[in-house]
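Data first, discussion second: the structure below is written as structure tokens.
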Amino acid sequence: MNTAGHSEATARRGLELTPFRGLRYDPDRVGSLAAVTSPPYDVVVRPDGLHQLQDADPYNIVRLILPQATTSTARTEQAAGTLRRWLSEGILTADAEPALYVYEQRHADGMLQRGLIGTLRVSEPSEGIVLPHEDVIPHIVADRAALMRATHANLEPLLLTYRGNGTAAEIVDRTAQRSPLLSTTTENGYGHRLWAITDPAETARVQADLARHQALIADGHHRWATYLRLHAEHPSPSPWDHGLVLLVDTARYPLRVRAIHRLLHGLPVAQALAALDGRFRVQRLTVPLPEALDALADAACAGNAFLLAGDGAFHLVDRPDPALLDRTIPADRPAAWRTLDATVLHATLLDHVWHIPEDDPARVAYIHDTAATVAKAERDGGTAVLLHPVREDVVRDLARQGVTMPRKSTSFGPKPASGLVLRALDI
């Protein structure tokens with residue numbers, strides 16, 4: 001754990017975002033741009049979702065980011081071969097000149113998000129420029145590294161946030177008044193548009209503004225850890241000195257922060273509840289999911305709270321025994337970390353009450369969709385643990401202190417669609 005802390009004022013170097021020649025689908029060679037996109041690889045967790053994306057178009061990006069084969073080596077070789085074939089066939093083509101790309105997502109519910117896609121200089125956490133807030137799982141980093149080595153490409157941008165509201169944000173908004181390079185609407189109702197900034201003067205102004213800032217990893221900790229690993233493997237200067245990112249100024253375009261829920265396999269709800277007796281307060285709720293989530297939000301204002309589901313009802317779990325927390329939660333962390341719901345879930349409930357290893361995929365699944373988590377728990381006889389989301393300012397403050405949250409504590413969104421712009425390292 002690094003507790004040195006990284007204030008924005010003390011970061012020695014700021015964000016260094018560089019133009020690149022984006023690799024994009026030729027719209028005349030695919031069914032539609034929407035049909036070749038995908039959510040980020042770590043959101044496509046259900047086999048039915050994967051198959052739906054594969055069936056949407058033979059060139060869907062999921063065939064690169066989640067290749068299907070029996071071994072890790074076969075998967076990476078398959079992805080590399082697929083990418084080579086799509087390049088030779090002109091399915092994917094490189095833009096003529098390097099650019100920073102303005103990317104917009106818009107939804108009918110009023111959500112509007114704009115940011116910059118470019119290649120960011122890879123920096124160590126000790127530099128205080130790119131701040132992680134979650135731990136990573138080593139085997140996932142190894143998997144992503146093998147895929148990037150084999151394809152020699154960054155196949156999808158990770159999501160970073162900073163707070164600026166300065167020159168870069170002004171240029172982003174001004175660019176978005178032009179005609180876009182592409183425009184499409186995906187199945188989830190989001191409209192996506194992309195523009196290119198190629199003027200050297202504009203690029204220089206963006207870079208000068210960003211150089212004064214640090215960024216928080218909102219989504220993509222494993223990909224950033226992969227960038228760090230590959231950067232360490234290749235002596236500088238090399239293409240691995242940079243990695244593909246989407247950088248969003250949340251002073252102008254706040255992200256939505258949602259919780260990531262847990263599905264506990266092999267733990268029936270009755271057994272989970274029995275273990276809580278005398279340790280937490282438990283209330284049975286016979287209400288629909290939206291009302292149960294409202295009750296969770298109210299309880300979370302007063303302290304740690306969770307919703308358990310999987311037996312046809314919801315169980316509000318709150319008011320933990322203070323002595324239990326004192327025994328189970330490390331005392332050498334900031335108070336803001338010790339009181340996180342995710343901390344109590346992992347350190348107290350999983351480790352000491354239910355005795356479930358958090359890093360065992362056979363026992364714990366991490367699912368973004370609330371209703372899907374409940375439905376799968378009911379179908380499989382497991383326990384869904386629903387969490388209330390953490391505020392972005394809490395996440396950022398902890399990250400600046402050099403303190404990482406329990407893995408999969410947050411879900412920032414909307415996440416960038418994969419497949420709109422890629423980066424080939426040898427182009």
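We label chains A, B, ... in the order they appear in the structure tokens, count residues from 1 in each chain, and number ligands from 1 in the order shown.
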
Quick one: everything within 7 Å of Phe20 of chain A, counting only C-alpha atoms, minus sequence neighbours fewer than 3 positions away in the same chain. Send it as a ChimeraX atom specification.
/A:98-100,118-119

Could you find all residues in segment 28-169 of chain A that DSSP calls helix (DSSP H, G or I) from the backbone, and write them as a PyMOL selection string?
chain A and resi 34-36+47-56+62-65+72-89+125-127+138-151+167-169

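With distances restricted to only C-alpha atoms, A:Pro132 is the closest residue to Val395 of chain A from A:Pro58, A:Pro132, A:Pro40, A:Gly303.
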
Please provide as a list in words all residues within 7 Å of Gly310 of chain A, with the sequence filter that same-chain residues fewer than 6 positions apart are discarded (counting only C-alpha atoms).
Val269, Val374, Ala377, Glu378, Gly381, Gly382, Thr383 and Ala384 of chain A

Can you tell me which residues surround Leu120 of chain A at a distance of at most 9 Å, considering only C-alpha atoms, apart from same-chain residues fewer than 5 positions away, and format the answer as a PyMOL selection string?
chain A and resi 15-18+241-245
